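Peer 1: This is the structure, below, for whatever I ask next.
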Amino acid sequence: MIATFPGLIALYCLTILHVPAGLWSSAALTDEPLFDKVPGMVSYTFRREFAKDVPGTLDRIKSLGVTDMEFSNLFGQSAEDLRKMLDERGMVCSSLGVSYDDFRDNTDEVAANAKALGAKFVRVAWIPHKGQMTLEKITEVAGDFNRRGRHLREKHGLIFCYHNHGYEFVPHLDGTLFDELMRQTLPEDVSVELDILWVKHPGVEPETILEKYGSRIKLMHLKDLKKGVKGDFTGSTAVESDVALGTGQINMPAVLKAAKKAGVKHYYLEDESPNIQTQIPASIQYLKDLVIESDR
């Protein structure tokens, strides 16, 4: 039966009443996941738990579906014993975080621990300094990063990454001191672990850094900054400023799209708050639920 013109209008009106409101935007949701990886975990997220029970905490993390670890601390274990615990659980350590002083002064020992753990990356997350970061300090640090990063690469086959912490984004010339650090360091010897909270906190959008530095960014800390928190260049904020992904100030879809284009190798969840029991599962679910939007 051929529908009459009034009948077509009625059918159209009936149809639009059943279209989800979200699909009337200029972009439609697809079934393709935006983030198709399982994130790793920074041990610092579970620092309190690891301090009491290393094997039990690994079991807890594994129960979340996470098998890739970045350790910032060995929690009283030898690297060999920690590697054994990981192997027994089908888990891996892809990155080892160490202090600036150990990286600079005990490079071979750091490398030995990293290799015993099975890690391919060595990361430094804090530059010791007083007051606001300066160009003079950046220049000093860049020299250490180049020398020790080259040593890790040439002698040990490891990749050095610097993890930003907010204070590097002090304005400098037509950019920031972070830009100056990137300019003064060699891409083959100094890569980046981008902590997106510590890009957002000093007022920079993380996706712009990913777009600018691309393949130099090998690792990423997935975090979100609580709405209403005002940032600065101190590299410090209350631990309660860490919130579940997708509930804070960061445009997570834009960041993840830019990270994929940049070729980020490992993503790690980090949550410094006391609310990890609820926030970590929520962050994992958020990543699973993200889908790609396509233009109509």
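Lettering and numbering for the structure tokens are positional, with chains as A, B, ... in the shown order, residues counted from 1 in each chain, and ligands counted from 1 in the shown order.
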Quick one: contact table of range 105-135 of chain A to range 148-156 of chain A, 8 Å max, nearest atom pair and distance in Å to one decimal per residue, counting only C-alpha atoms, chain and number order, as a tab-separated table?

Peer 2:
```
residue	atom	partner	partner_atom	distance
A:Thr107	CA	A:Arg148	CA	7.0
A:Asp108	CA	A:Leu152	CA	7.9
A:Ala111	CA	A:His156	CA	6.7
```

Peer 1: Now that the selection is made, can you save its residues with N, CA and C atoms as a PDB file, in the first residue's frame?

Peer 2:
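Final file, part37.pdb:
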```pdb
ATOM      1  N   THR A 107      72.958   5.580  37.590  1.00  0.00           N
ATOM      2  CA  THR A 107      72.268   5.198  36.359  1.00  0.00           C
ATOM      3  C   THR A 107      72.346   3.704  36.097  1.00  0.00           C
ATOM      4  N   ASP A 108      73.490   3.103  36.322  1.00  0.00           N
ATOM      5  CA  ASP A 108      73.625   1.670  36.031  1.00  0.00           C
ATOM      6  C   ASP A 108      72.789   0.822  36.986  1.00  0.00           C
ATOM      7  N   ALA A 111      69.277   1.084  35.826  1.00  0.00           N
ATOM      8  CA  ALA A 111      69.095   0.256  34.636  1.00  0.00           C
ATOM      9  C   ALA A 111      68.987  -1.223  34.999  1.00  0.00           C
TER      10      ALA A 111
END
```

Peer 1: Taking the chain letters and numbering used in this document, name the residues of range 72-216 of chain A that DSSP puts in strand (DSSP E), as an NGL selection string.

Peer 2: :A and (92-98 or 121-124 or 159-163 or 171-172 or 175-176 or 191-195)

Peer 1: Take the residues from that selection and write them out as a PDB file, in the first residue's frame, keeping C-alpha atoms.

Peer 2:
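The resulting file, out_7.pdb, is shown below:
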```pdb
ATOM      1  CA  VAL A  92      54.285  -6.995  33.420  1.00  0.00           C
ATOM      2  CA  CYS A  93      56.185  -3.873  34.418  1.00  0.00           C
ATOM      3  CA  SER A  94      56.763  -1.657  31.385  1.00  0.00           C
ATOM      4  CA  SER A  95      58.196   1.404  33.170  1.00  0.00           C
ATOM      5  CA  LEU A  96      60.212   2.139  36.303  1.00  0.00           C
ATOM      6  CA  GLY A  97      60.037   5.519  37.991  1.00  0.00           C
ATOM      7  CA  VAL A  98      63.101   6.738  39.893  1.00  0.00           C
ATOM      8  CA  PHE A 121      61.270   2.725  30.097  1.00  0.00           C
ATOM      9  CA  VAL A 122      62.906   4.649  32.941  1.00  0.00           C
ATOM     10  CA  ARG A 123      61.014   7.702  34.155  1.00  0.00           C
ATOM     11  CA  VAL A 124      61.841  10.742  36.320  1.00  0.00           C
ATOM     12  CA  ILE A 159      64.288   4.638  26.913  1.00  0.00           C
ATOM     13  CA  PHE A 160      64.345   7.597  29.278  1.00  0.00           C
ATOM     14  CA  CYS A 161      61.152   9.617  29.786  1.00  0.00           C
ATOM     15  CA  TYR A 162      60.651  12.827  31.712  1.00  0.00           C
ATOM     16  CA  HIS A 163      57.279  13.126  33.436  1.00  0.00           C
ATOM     17  CA  PRO A 171      55.796  31.275  30.281  1.00  0.00           C
ATOM     18  CA  HIS A 172      59.081  31.783  28.452  1.00  0.00           C
ATOM     19  CA  GLY A 175      56.158  29.446  24.748  1.00  0.00           C
ATOM     20  CA  THR A 176      56.995  27.876  28.099  1.00  0.00           C
ATOM     21  CA  SER A 191      61.230  11.196  25.611  1.00  0.00           C
ATOM     22  CA  VAL A 192      58.171  12.285  27.589  1.00  0.00           C
ATOM     23  CA  GLU A 193      55.667  10.712  29.909  1.00  0.00           C
ATOM     24  CA  LEU A 194      52.794  13.176  29.728  1.00  0.00           C
ATOM     25  CA  ASP A 195      50.821  13.571  32.934  1.00  0.00           C
TER      26      ASP A 195
END
```

Peer 1: Write out as an MDAnalysis selection string the set of residues from range 47-284 of chain A that DSSP, computed on the backbone, places in helix (DSSP H, G or I).

Peer 2: chainID A and resid 47:52 54:63 79:88 100:105 107:117 135:156 167:169 177:184 197:200 206:216 239:241 252:262 276:284

Peer 1: To one decimal place, how far is CA of Tyr167 in chain A from CA of Pro202 in chain A in Å?

Peer 2: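 The value is 7.4 Å.
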
Peer 1: Using only C-alpha atoms, which of A:Glu180, A:Asp289, A:Glu240, A:Glu211 sits nearest Met133 in chain A?

Peer 2: A:Glu180

Peer 1: Just give me the gap between CA of Pro206 in chain A and CA of Val255 in chain A in Å, one decimal is fine.

Peer 2: 6.3 Å

Peer 1: Hey, can you check how far CA of Leu135 in chain A sits from CA of Val170 in chain A?

Peer 2: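 Taking CA of Leu135 in chain A and CA of Val170 in chain A, their separation equals 9.6 Å.
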
Peer 1: So, counting only C-alpha atoms, which residue among A:Thr185, A:Thr139, A:Ser283, A:Ser273 is closest to Tyr44 in chain A?

Peer 2: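 Looking only at the distances to Tyr44 in chain A, the closest residue turns out to be A:Ser273.
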
Peer 1: Using only C-alpha atoms, which residue out of A:Phe35, A:Ile127, A:Ala238, A:Pro281 lies closest to Ser63 in chain A?

Peer 2: A:Pro281

Peer 1: List the neighbours of Thr45 in chain A out to 10 Å using only C-alpha atoms; skip same-chain residues closer than 2 positions along the sequence, and give me the result as a PyMOL selection string.

Peer 2: chain A and resi 41-43+47-50+72+269-274+276+280

Peer 1: Neighbouring residues of range 264-266 of chain A were defined as those with any atom within 7 Å, considering only C-alpha atoms; residues of the same chain fewer than 2 positions away were excluded. Please report them as JSON, numbers by chain.

Peer 2: {"A": [217, 218, 219, 220, 259, 260, 262, 268]}

Peer 1: For Ala254 in chain A, which of A:Leu173, A:Leu197, A:Ile292, A:Met69 is the closest residue, counting only C-alpha atoms?

Peer 2: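 Going through A:Leu173, A:Leu197, A:Ile292, A:Met69 one by one, the smallest distance to Ala254 in chain A is for A:Ile292.
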
Peer 1: Report as a short mmCIF file (atom, residue, chain, number, x, y, z; two decimals) with C-alpha atoms, in the first residue's frame all protein, DNA and RNA residues lying within 12 Å of range 227-229 of chain A, evaluated on only C-alpha atoms, omitting residues in the same chain fewer than 6 positions from it.

Peer 2:
```
data_model
loop_
_atom_site.label_atom_id
_atom_site.label_comp_id
_atom_site.auth_asym_id
_atom_site.auth_seq_id
_atom_site.Cartn_x
_atom_site.Cartn_y
_atom_site.Cartn_z
CA LEU A 197 46.59 16.60 35.04
CA LYS A 200 45.95 21.12 32.72
CA HIS A 201 46.74 22.39 36.23
CA PRO A 202 49.06 25.19 35.00
CA GLY A 203 46.50 26.14 32.35
CA SER A 236 51.31 20.86 43.85
CA THR A 237 47.60 20.40 44.56
CA ALA A 238 45.47 18.58 47.12
CA VAL A 239 45.22 14.83 46.46
CA GLU A 240 41.44 15.29 46.48
CA SER A 241 41.88 17.24 43.23
CA ASP A 242 42.25 13.87 41.46
CA VAL A 243 38.82 12.69 40.29
CA ALA A 244 37.48 9.87 38.13
CA LEU A 245 38.12 10.27 34.43
CA GLY A 246 35.42 12.19 32.63
CA THR A 247 34.18 14.03 35.73
CA GLY A 248 36.78 16.81 35.84
CA GLN A 249 38.15 19.64 33.73
CA ILE A 250 40.02 17.67 31.06
CA ASN A 251 38.53 17.04 27.62
#
```
